[in-house]
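Undergrad: Data: protein_25.cif, mmCIF, C-alpha atoms and all ligand atoms.
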data_protein
loop_
_atom_site.label_atom_id
_atom_site.label_comp_id
_atom_site.auth_asym_id
_atom_site.auth_seq_id
_atom_site.Cartn_x
_atom_site.Cartn_y
_atom_site.Cartn_z
CA MET A 1 -87.04 -18.78 -24.32
CA ASN A 2 -89.09 -19.17 -21.16
CA ALA A 3 -87.95 -20.24 -17.70
CA THR A 4 -88.65 -23.94 -18.35
CA PRO A 5 -85.47 -25.82 -19.31
CA HIS A 6 -85.46 -26.79 -22.93
CA THR A 7 -84.99 -30.37 -24.06
CA ALA A 8 -82.91 -31.64 -26.97
CA ILE A 9 -81.96 -34.92 -28.61
CA VAL A 10 -78.42 -34.93 -30.03
CA THR A 11 -77.34 -38.01 -32.00
CA GLY A 12 -73.68 -38.97 -32.02
CA GLY A 13 -72.84 -37.22 -28.76
CA SER A 14 -69.81 -39.16 -27.54
CA GLU A 15 -67.19 -37.12 -29.42
CA GLY A 16 -66.64 -34.54 -32.12
CA LEU A 17 -69.32 -31.99 -32.96
CA GLY A 18 -72.10 -33.89 -31.18
CA LEU A 19 -70.24 -33.79 -27.87
CA ALA A 20 -69.27 -30.13 -28.34
CA LEU A 21 -72.94 -29.24 -28.94
CA THR A 22 -74.06 -31.33 -25.98
CA VAL A 23 -71.58 -29.53 -23.69
CA ALA A 24 -72.72 -26.14 -24.98
CA LEU A 25 -76.42 -26.91 -24.53
CA ALA A 26 -75.89 -28.38 -21.03
CA GLU A 27 -73.92 -25.27 -20.02
CA ARG A 28 -76.94 -23.21 -21.10
CA GLY A 29 -79.37 -25.18 -18.94
CA TRP A 30 -80.80 -27.57 -21.51
CA ASN A 31 -81.79 -31.16 -20.85
CA VAL A 32 -79.96 -33.20 -23.48
CA VAL A 33 -80.52 -36.82 -24.48
CA VAL A 34 -77.53 -38.17 -26.43
CA ASP A 35 -76.64 -41.39 -28.15
CA ALA A 36 -73.71 -43.24 -29.73
CA ARG A 37 -73.11 -46.93 -30.37
CA HIS A 38 -70.10 -47.37 -28.09
CA SER A 39 -71.80 -47.33 -24.72
CA GLN A 40 -68.81 -46.91 -22.42
CA LEU A 41 -67.29 -44.06 -24.45
CA LEU A 42 -70.62 -42.24 -24.46
CA ILE A 43 -71.19 -42.65 -20.75
CA GLU A 44 -67.66 -41.50 -19.89
CA ALA A 45 -67.91 -38.52 -22.26
CA VAL A 46 -71.10 -37.09 -20.79
CA ALA A 47 -70.67 -38.10 -17.12
CA PRO A 48 -68.93 -34.79 -16.24
CA LEU A 49 -71.90 -32.84 -17.61
CA GLY A 50 -74.24 -33.80 -14.77
CA PRO A 51 -77.76 -35.19 -14.57
CA SER A 52 -79.24 -32.91 -17.23
CA VAL A 53 -77.43 -34.96 -19.88
CA VAL A 54 -78.83 -38.46 -20.33
CA ALA A 55 -76.87 -41.07 -22.28
CA VAL A 56 -78.95 -43.56 -24.25
CA PRO A 57 -76.43 -45.83 -26.00
CA GLY A 58 -77.54 -47.36 -29.28
CA ASP A 59 -77.49 -47.26 -33.05
CA ILE A 60 -79.59 -44.58 -34.69
CA ASN A 61 -80.49 -47.14 -37.36
CA ASP A 62 -82.32 -49.27 -34.79
CA PRO A 63 -86.05 -48.37 -34.59
CA THR A 64 -86.30 -49.51 -30.96
CA HIS A 65 -83.38 -47.26 -30.05
CA ARG A 66 -85.03 -44.29 -31.74
CA LEU A 67 -88.15 -44.87 -29.64
CA ALA A 68 -85.95 -45.07 -26.52
CA LEU A 69 -84.35 -41.72 -27.36
CA VAL A 70 -87.73 -40.04 -27.69
CA ALA A 71 -89.08 -41.71 -24.53
CA SER A 72 -86.03 -40.54 -22.59
CA ALA A 73 -86.39 -36.98 -23.89
CA THR A 74 -90.08 -36.72 -23.05
CA GLY A 75 -89.28 -38.25 -19.65
CA VAL A 76 -86.64 -35.69 -18.69
CA SER A 77 -88.58 -32.74 -20.12
CA ASP A 78 -90.53 -30.78 -17.51
CA ASP A 79 -93.49 -30.43 -19.86
CA GLY A 80 -93.04 -33.66 -21.84
CA ARG A 81 -92.10 -31.67 -24.93
CA ILE A 82 -88.99 -31.82 -27.10
CA ASP A 83 -87.68 -28.47 -28.39
CA LEU A 84 -84.74 -29.51 -30.54
CA ILE A 85 -83.46 -32.49 -32.51
CA ILE A 86 -79.89 -32.43 -33.80
CA ASN A 87 -79.29 -35.18 -36.34
CA ASN A 88 -75.50 -35.25 -36.10
CA ALA A 89 -74.54 -38.97 -36.19
CA SER A 90 -73.25 -39.87 -39.62
CA THR A 91 -71.08 -42.29 -41.56
CA LEU A 92 -68.58 -41.90 -44.39
CA GLY A 93 -69.22 -45.49 -45.54
CA PRO A 94 -66.40 -47.83 -46.51
CA LEU A 95 -62.83 -46.66 -45.85
CA PRO A 96 -60.75 -45.67 -47.67
CA MET A 97 -63.56 -43.91 -49.49
CA PRO A 98 -63.94 -45.61 -52.88
CA ALA A 99 -64.80 -44.09 -56.24
CA LEU A 100 -68.45 -44.57 -57.16
CA LEU A 101 -67.69 -47.41 -59.58
CA GLN A 102 -66.12 -49.32 -56.68
CA LEU A 103 -68.78 -48.44 -54.08
CA PRO A 104 -70.71 -51.61 -53.26
CA PRO A 105 -74.45 -50.89 -53.56
CA THR A 106 -75.10 -52.41 -50.15
CA ASP A 107 -72.62 -49.92 -48.64
CA LEU A 108 -74.38 -47.05 -50.40
CA VAL A 109 -77.65 -48.24 -48.87
CA GLY A 110 -75.91 -48.23 -45.48
CA VAL A 111 -74.67 -44.66 -45.90
CA LEU A 112 -78.09 -43.44 -47.04
CA THR A 113 -79.73 -45.25 -44.14
CA THR A 114 -77.52 -43.66 -41.46
CA ASN A 115 -77.30 -40.19 -43.00
CA VAL A 116 -80.80 -39.71 -44.43
CA VAL A 117 -83.34 -42.39 -43.56
CA SER A 118 -82.64 -42.64 -39.82
CA PRO A 119 -82.58 -38.87 -39.23
CA LEU A 120 -86.05 -38.66 -40.79
CA ALA A 121 -87.21 -41.73 -38.88
CA LEU A 122 -86.13 -40.08 -35.61
CA ILE A 123 -88.01 -36.91 -36.51
CA GLN A 124 -91.08 -38.99 -37.34
CA VAL A 125 -91.21 -40.71 -33.93
CA ALA A 126 -90.48 -37.43 -32.13
CA ALA A 127 -92.86 -35.28 -34.18
CA SER A 128 -95.93 -35.52 -31.96
CA HIS A 129 -93.78 -34.49 -28.95
CA LEU A 130 -92.02 -31.60 -30.66
CA THR A 131 -93.04 -28.12 -29.58
CA VAL A 132 -95.08 -26.28 -32.19
CA ASP A 133 -92.08 -24.01 -32.82
CA GLY A 134 -89.61 -26.89 -32.60
CA CYS A 135 -86.18 -26.78 -34.18
CA ILE A 136 -84.54 -29.47 -36.31
CA ILE A 137 -80.83 -29.28 -37.10
CA ASN A 138 -79.65 -31.75 -39.73
CA ILE A 139 -75.85 -31.67 -39.91
CA THR A 140 -74.82 -31.64 -43.55
CA SER A 141 -71.55 -31.05 -45.42
CA ASP A 142 -70.03 -29.14 -48.30
CA ALA A 143 -69.56 -32.63 -49.81
CA GLY A 144 -73.31 -32.50 -50.46
CA VAL A 145 -72.75 -29.58 -52.84
CA ALA A 146 -69.21 -29.88 -54.26
CA ALA A 147 -68.10 -32.96 -56.22
CA TYR A 148 -65.05 -34.46 -54.49
CA GLU A 149 -63.59 -37.69 -55.88
CA GLY A 150 -64.28 -40.56 -53.50
CA TRP A 151 -67.03 -38.71 -51.67
CA GLY A 152 -69.88 -40.05 -53.84
CA GLY A 153 -71.75 -42.08 -51.23
CA TYR A 154 -71.40 -39.61 -48.37
CA GLY A 155 -71.87 -36.56 -50.62
CA THR A 156 -75.01 -38.00 -52.19
CA SER A 157 -76.41 -38.70 -48.74
CA LYS A 158 -75.77 -35.13 -47.58
CA SER A 159 -77.39 -33.73 -50.77
CA ALA A 160 -80.41 -35.88 -49.99
CA LEU A 161 -80.41 -34.66 -46.38
CA ASP A 162 -80.35 -31.06 -47.64
CA GLN A 163 -83.37 -31.64 -49.88
CA LEU A 164 -85.18 -33.60 -47.18
CA SER A 165 -84.66 -30.63 -44.87
CA ARG A 166 -86.02 -28.17 -47.43
CA ILE A 167 -89.16 -30.21 -48.05
CA LEU A 168 -89.75 -30.89 -44.35
CA ALA A 169 -89.53 -27.13 -43.78
CA VAL A 170 -92.35 -26.37 -46.24
CA GLU A 171 -94.45 -29.26 -44.95
CA GLN A 172 -94.00 -28.16 -41.31
CA PRO A 173 -94.01 -24.36 -41.53
CA THR A 174 -94.19 -23.77 -37.75
CA TRP A 175 -90.89 -25.61 -37.24
CA ARG A 176 -87.47 -24.21 -38.01
CA VAL A 177 -85.68 -26.84 -40.08
CA TYR A 178 -82.01 -26.18 -40.73
CA ALA A 179 -79.47 -28.14 -42.74
CA VAL A 180 -76.19 -26.89 -41.30
CA ASP A 181 -72.71 -27.34 -42.77
CA PRO A 182 -70.31 -27.13 -39.82
CA GLY A 183 -67.20 -26.78 -41.99
CA ASP A 184 -64.05 -28.87 -41.71
CA MET A 185 -63.39 -30.03 -38.15
CA ARG A 186 -60.53 -31.91 -36.50
CA THR A 187 -62.45 -35.08 -35.56
CA ALA A 188 -62.25 -38.85 -35.88
CA MET A 189 -64.50 -38.77 -38.94
CA HIS A 190 -62.32 -36.16 -40.65
CA GLN A 191 -59.17 -38.19 -39.89
CA ASP A 192 -60.88 -41.28 -41.33
CA ALA A 193 -61.50 -39.34 -44.55
CA PHE A 194 -57.84 -38.31 -44.76
CA PRO A 195 -55.94 -41.36 -43.48
CA GLY A 196 -52.33 -40.73 -42.60
CA GLN A 197 -52.64 -36.99 -43.23
CA ASP A 198 -51.90 -34.30 -40.69
CA ILE A 199 -55.25 -32.59 -40.03
CA SER A 200 -54.00 -30.43 -37.16
CA ASP A 201 -54.71 -27.27 -39.20
CA ARG A 202 -58.46 -27.97 -39.11
CA PRO A 203 -60.39 -26.20 -36.34
CA LEU A 204 -61.73 -28.16 -33.40
CA PRO A 205 -65.49 -28.88 -33.47
CA GLN A 206 -66.03 -26.31 -30.68
CA HIS A 207 -65.31 -23.71 -33.36
CA SER A 208 -68.57 -24.67 -35.14
CA VAL A 209 -70.78 -24.51 -32.06
CA ALA A 210 -71.43 -20.75 -31.92
CA GLY A 211 -72.99 -20.66 -35.36
CA ILE A 212 -75.27 -23.58 -34.62
CA LEU A 213 -76.31 -22.06 -31.28
CA ALA A 214 -77.08 -18.81 -33.11
CA LEU A 215 -79.52 -20.70 -35.33
CA ILE A 216 -81.10 -22.56 -32.40
CA ASN A 217 -81.60 -19.38 -30.38
CA GLY A 218 -82.40 -17.07 -33.28
CA SER A 219 -85.25 -16.64 -35.72
CA GLN A 220 -83.62 -17.30 -39.06
CA PRO A 221 -85.99 -18.86 -41.57
CA SER A 222 -85.66 -22.56 -42.29
CA GLY A 223 -82.98 -23.31 -44.84
CA ARG A 224 -79.44 -24.48 -45.50
CA TYR A 225 -76.71 -22.59 -43.68
CA SER A 226 -72.99 -22.90 -43.16
CA VAL A 227 -71.70 -21.96 -39.71
CA ALA A 228 -69.52 -19.34 -41.37
CA GLN A 229 -72.74 -17.53 -42.44
CA VAL A 230 -74.33 -17.41 -39.01
CA ARG A 231 -71.45 -17.32 -36.53
N1 LIG F 1 -65.50 -33.48 -39.33
C1 LIG F 1 -65.71 -32.73 -40.40
O1 LIG F 1 -64.78 -32.14 -40.98
C2 LIG F 1 -67.11 -32.56 -40.92
C3 LIG F 1 -67.29 -31.71 -42.01
C4 LIG F 1 -68.59 -31.52 -42.51
C5 LIG F 1 -69.66 -32.18 -41.90
N2 LIG F 1 -69.44 -33.01 -40.85
C6 LIG F 1 -70.60 -33.66 -40.22
O2 LIG F 1 -70.59 -33.32 -38.84
C7 LIG F 1 -71.24 -34.35 -38.09
C8 LIG F 1 -70.37 -34.77 -36.93
O3 LIG F 1 -69.15 -35.29 -37.45
P1 LIG F 1 -67.86 -35.45 -36.54
O4 LIG F 1 -66.72 -35.19 -37.42
O5 LIG F 1 -68.04 -34.70 -35.27
O6 LIG F 1 -67.89 -37.04 -36.24
P2 LIG F 1 -67.13 -37.90 -35.13
O7 LIG F 1 -66.21 -37.09 -34.29
O8 LIG F 1 -66.59 -39.10 -35.83
O9 LIG F 1 -68.34 -38.37 -34.16
C9 LIG F 1 -69.39 -39.11 -34.68
C10 LIG F 1 -70.35 -39.42 -33.55
O10 LIG F 1 -71.49 -40.11 -34.10
C11 LIG F 1 -71.66 -41.38 -33.42
N3 LIG F 1 -72.27 -42.29 -34.37
C12 LIG F 1 -71.80 -42.68 -35.57
N4 LIG F 1 -72.64 -43.54 -36.15
C13 LIG F 1 -73.70 -43.68 -35.30
C14 LIG F 1 -74.90 -44.43 -35.33
N5 LIG F 1 -75.18 -45.26 -36.36
N6 LIG F 1 -75.75 -44.32 -34.30
C15 LIG F 1 -75.47 -43.53 -33.25
N7 LIG F 1 -74.36 -42.79 -33.16
C16 LIG F 1 -73.47 -42.88 -34.17
C17 LIG F 1 -70.24 -41.73 -32.97
O11 LIG F 1 -70.18 -42.64 -31.89
P3 LIG F 1 -70.16 -44.25 -32.11
O12 LIG F 1 -69.10 -44.54 -33.14
O13 LIG F 1 -69.86 -44.81 -30.76
O14 LIG F 1 -71.53 -44.62 -32.58
C18 LIG F 1 -69.77 -40.36 -32.50
O15 LIG F 1 -70.32 -40.04 -31.25
C19 LIG F 1 -71.56 -35.46 -39.09
O16 LIG F 1 -72.90 -35.35 -39.53
C20 LIG F 1 -70.62 -35.17 -40.25
O17 LIG F 1 -71.11 -35.68 -41.47
C21 LIG F 1 -68.19 -33.24 -40.35
#
Show the structure stored in the file as structure tokens.

TA:
Amino acid sequence: MNATPHTAIVTGGSEGLGLALTVALAERGWNVVVDARHSQLLIEAVAPLGPSVVAVPGDINDPTHRLALVASATGVSDDGRIDLIINNASTLGPLPMPALLQLPPTDLVGVLTTNVVSPLALIQVAASHLTVDGCIINITSDAGVAAYEGWGGYGTSKSALDQLSRILAVEQPTWRVYAVDPGDMRTAMHQDAFPGQDISDRPLPQHSVAGILALINGSQPSGRYSVAQVR
């Protein structure tokens, strides 16, 4: 860390883990560019964080929006460089989550697009602006490793994101590329996965932040981590 404020892009920053990470980075002096599709919710969520957090509403699947995120980040950065990308925005796909035999192929394409293709596409447009020792955090899930009934689309996408992260890490050895499983969190996405169930025993997303910050600020080699390992 030097005295220059660092600059991050965090996707899906209007609530849940993305907002918790945005708050934590802003409190530590980072410039943060955040997105989400629901413009008003995003703007209201980050307004209290001050001018170092810039809301760029949009859909991560939109190529023009991805360019706008990168342009905003290079614009707010003192040196025009981006230090960190957190690919956090994600979708479960159709709800309630169907078994694979009932998962419409077009919906599977949609899940893979949001959870795998667009995170890589964002990295691609940001790559030439990333610091040589830049950090990529791709938020993954235990559903990418374990086989839970009904989690076929989402789980397959997170497995793919894990492997994408591993290969990106060997292709870009000066970067730190982490696939990070944040663990169960009490969020809108988690409630969507368990409709009608009481999820109040799950920890709030703030509980997952310390482990992710430890990776961002540390020197762990690229790889797949759960927050429980690094907290
Ligand atoms: N919650 C858990 O238990 C859990 C467990 C393991 C892994 N994870 C992972 O943790 C990450 C965060 O999940 P969360 O539970 O915090 O989710 P969340 O509370 O539902 O928040 C999701 C955020 O992503 C935004 N978003 C969704 N689709 C988007 C898109 N296409 N473009 C831009 N923004 C988009 C949402 O805003 P808009 O709807 O306005 O776009 C929102 O800001 C995800 O990668 C998830 O897979 C979660």

Undergrad: Ligand LIG 1 (chain F): which residues are within 7 Å, counting all atoms listed in the file, as a ChimeraX atom specification?

TA: /A:11-18,35-39,41-42,58-61,88-91,114,139-142,181-190,205

Undergrad: Between atom CA of A:Met97 and atom CA of A:Asp201, what is the distance, to one decimal in Å?

TA: 21.5 Å

Undergrad: Stretch 195-210 of chain A, all listed atoms, 5 Å padding on each side: what axis-aligned box centre and edge lengths in Å to one decimal come out, as AutoDock Vina command-line options?

TA:
--center_x -61.7 --center_y -31.1 --center_z -37.1 --size_x 29.5 --size_y 30.6 --size_z 22.8

Undergrad: Taking all atoms listed in the file into account, which of A:Val33, A:Ala73, A:Gly150, A:Ile137 comes nearest A:Leu95?

TA: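 That would be A:Gly150, the residue with the smallest distance to A:Leu95.
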
Undergrad: Rank nothing, just name the residue among A:Ala160, A:Ile82, A:Ala26, A:Val125 nearest to A:Asn138, using only C-alpha atoms.

TA: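 Answer, going by the shortest atom-to-atom distance: A:Ala160.
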
Undergrad: Determine, counting all atoms listed in the file, which protein, DNA and RNA residues have an atom within 9 Å of an atom of A:Arg166; residues of the same chain fewer than 2 positions away are not included. Present the result as a list of chain:residue names.

TA: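 Using all atoms listed in the file, the neighbours found are A:Leu161, A:Asp162, A:Gln163, A:Leu164, A:Leu168, A:Ala169, A:Val170, A:Glu171, A:Val177, A:Tyr178, A:Ala179, A:Ser222, A:Gly223, A:Arg224.
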
Undergrad: Which residues come within 12 Å of A:Ala214, counting all atoms listed in the file, excluding same-chain residues fewer than 2 positions away, as an NGL selection string?

TA: :A and (21 or 24-25 or 137 or 178 or 180 or 208-212 or 216-220 or 225-231)

Undergrad: May I ask you to restore N, CA and C atoms in stretch 118-130 of chain A and write the result as a PDB file, keeping the file's coordinate frame?

TA:
ATOM      1  N   SER A 118     -82.487 -42.625 -41.283  1.00  0.00           N
ATOM      2  CA  SER A 118     -82.640 -42.640 -39.820  1.00  0.00           C
ATOM      3  C   SER A 118     -82.884 -41.260 -39.224  1.00  0.00           C
ATOM      4  N   PRO A 119     -82.216 -40.206 -39.736  1.00  0.00           N
ATOM      5  CA  PRO A 119     -82.580 -38.870 -39.230  1.00  0.00           C
ATOM      6  C   PRO A 119     -84.067 -38.557 -39.423  1.00  0.00           C
ATOM      7  N   LEU A 120     -84.619 -38.896 -40.591  1.00  0.00           N
ATOM      8  CA  LEU A 120     -86.050 -38.660 -40.790  1.00  0.00           C
ATOM      9  C   LEU A 120     -86.878 -39.555 -39.866  1.00  0.00           C
ATOM     10  N   ALA A 121     -86.460 -40.811 -39.734  1.00  0.00           N
ATOM     11  CA  ALA A 121     -87.210 -41.730 -38.880  1.00  0.00           C
ATOM     12  C   ALA A 121     -87.249 -41.237 -37.434  1.00  0.00           C
ATOM     13  N   LEU A 122     -86.138 -40.646 -36.967  1.00  0.00           N
ATOM     14  CA  LEU A 122     -86.130 -40.080 -35.610  1.00  0.00           C
ATOM     15  C   LEU A 122     -87.101 -38.903 -35.516  1.00  0.00           C
ATOM     16  N   ILE A 123     -87.075 -38.046 -36.513  1.00  0.00           N
ATOM     17  CA  ILE A 123     -88.010 -36.910 -36.510  1.00  0.00           C
ATOM     18  C   ILE A 123     -89.451 -37.422 -36.507  1.00  0.00           C
ATOM     19  N   GLN A 124     -89.712 -38.462 -37.268  1.00  0.00           N
ATOM     20  CA  GLN A 124     -91.080 -38.990 -37.340  1.00  0.00           C
ATOM     21  C   GLN A 124     -91.567 -39.472 -35.976  1.00  0.00           C
ATOM     22  N   VAL A 125     -90.727 -40.197 -35.226  1.00  0.00           N
ATOM     23  CA  VAL A 125     -91.210 -40.710 -33.930  1.00  0.00           C
ATOM     24  C   VAL A 125     -91.250 -39.607 -32.878  1.00  0.00           C
ATOM     25  N   ALA A 126     -90.475 -38.540 -33.098  1.00  0.00           N
ATOM     26  CA  ALA A 126     -90.480 -37.430 -32.130  1.00  0.00           C
ATOM     27  C   ALA A 126     -91.528 -36.369 -32.456  1.00  0.00           C
ATOM     28  N   ALA A 127     -92.064 -36.406 -33.663  1.00  0.00           N
ATOM     29  CA  ALA A 127     -92.860 -35.280 -34.180  1.00  0.00           C
ATOM     30  C   ALA A 127     -94.011 -34.879 -33.267  1.00  0.00           C
ATOM     31  N   SER A 128     -94.740 -35.855 -32.760  1.00  0.00           N
ATOM     32  CA  SER A 128     -95.930 -35.520 -31.960  1.00  0.00           C
ATOM     33  C   SER A 128     -95.547 -34.930 -30.601  1.00  0.00           C
ATOM     34  N   HIS A 129     -94.266 -35.044 -30.238  1.00  0.00           N
ATOM     35  CA  HIS A 129     -93.780 -34.490 -28.950  1.00  0.00           C
ATOM     36  C   HIS A 129     -93.028 -33.181 -29.137  1.00  0.00           C
ATOM     37  N   LEU A 130     -92.792 -32.815 -30.386  1.00  0.00           N
ATOM     38  CA  LEU A 130     -92.020 -31.600 -30.660  1.00  0.00           C
ATOM     39  C   LEU A 130     -92.890 -30.367 -30.373  1.00  0.00           C
TER      40      LEU A 130
END
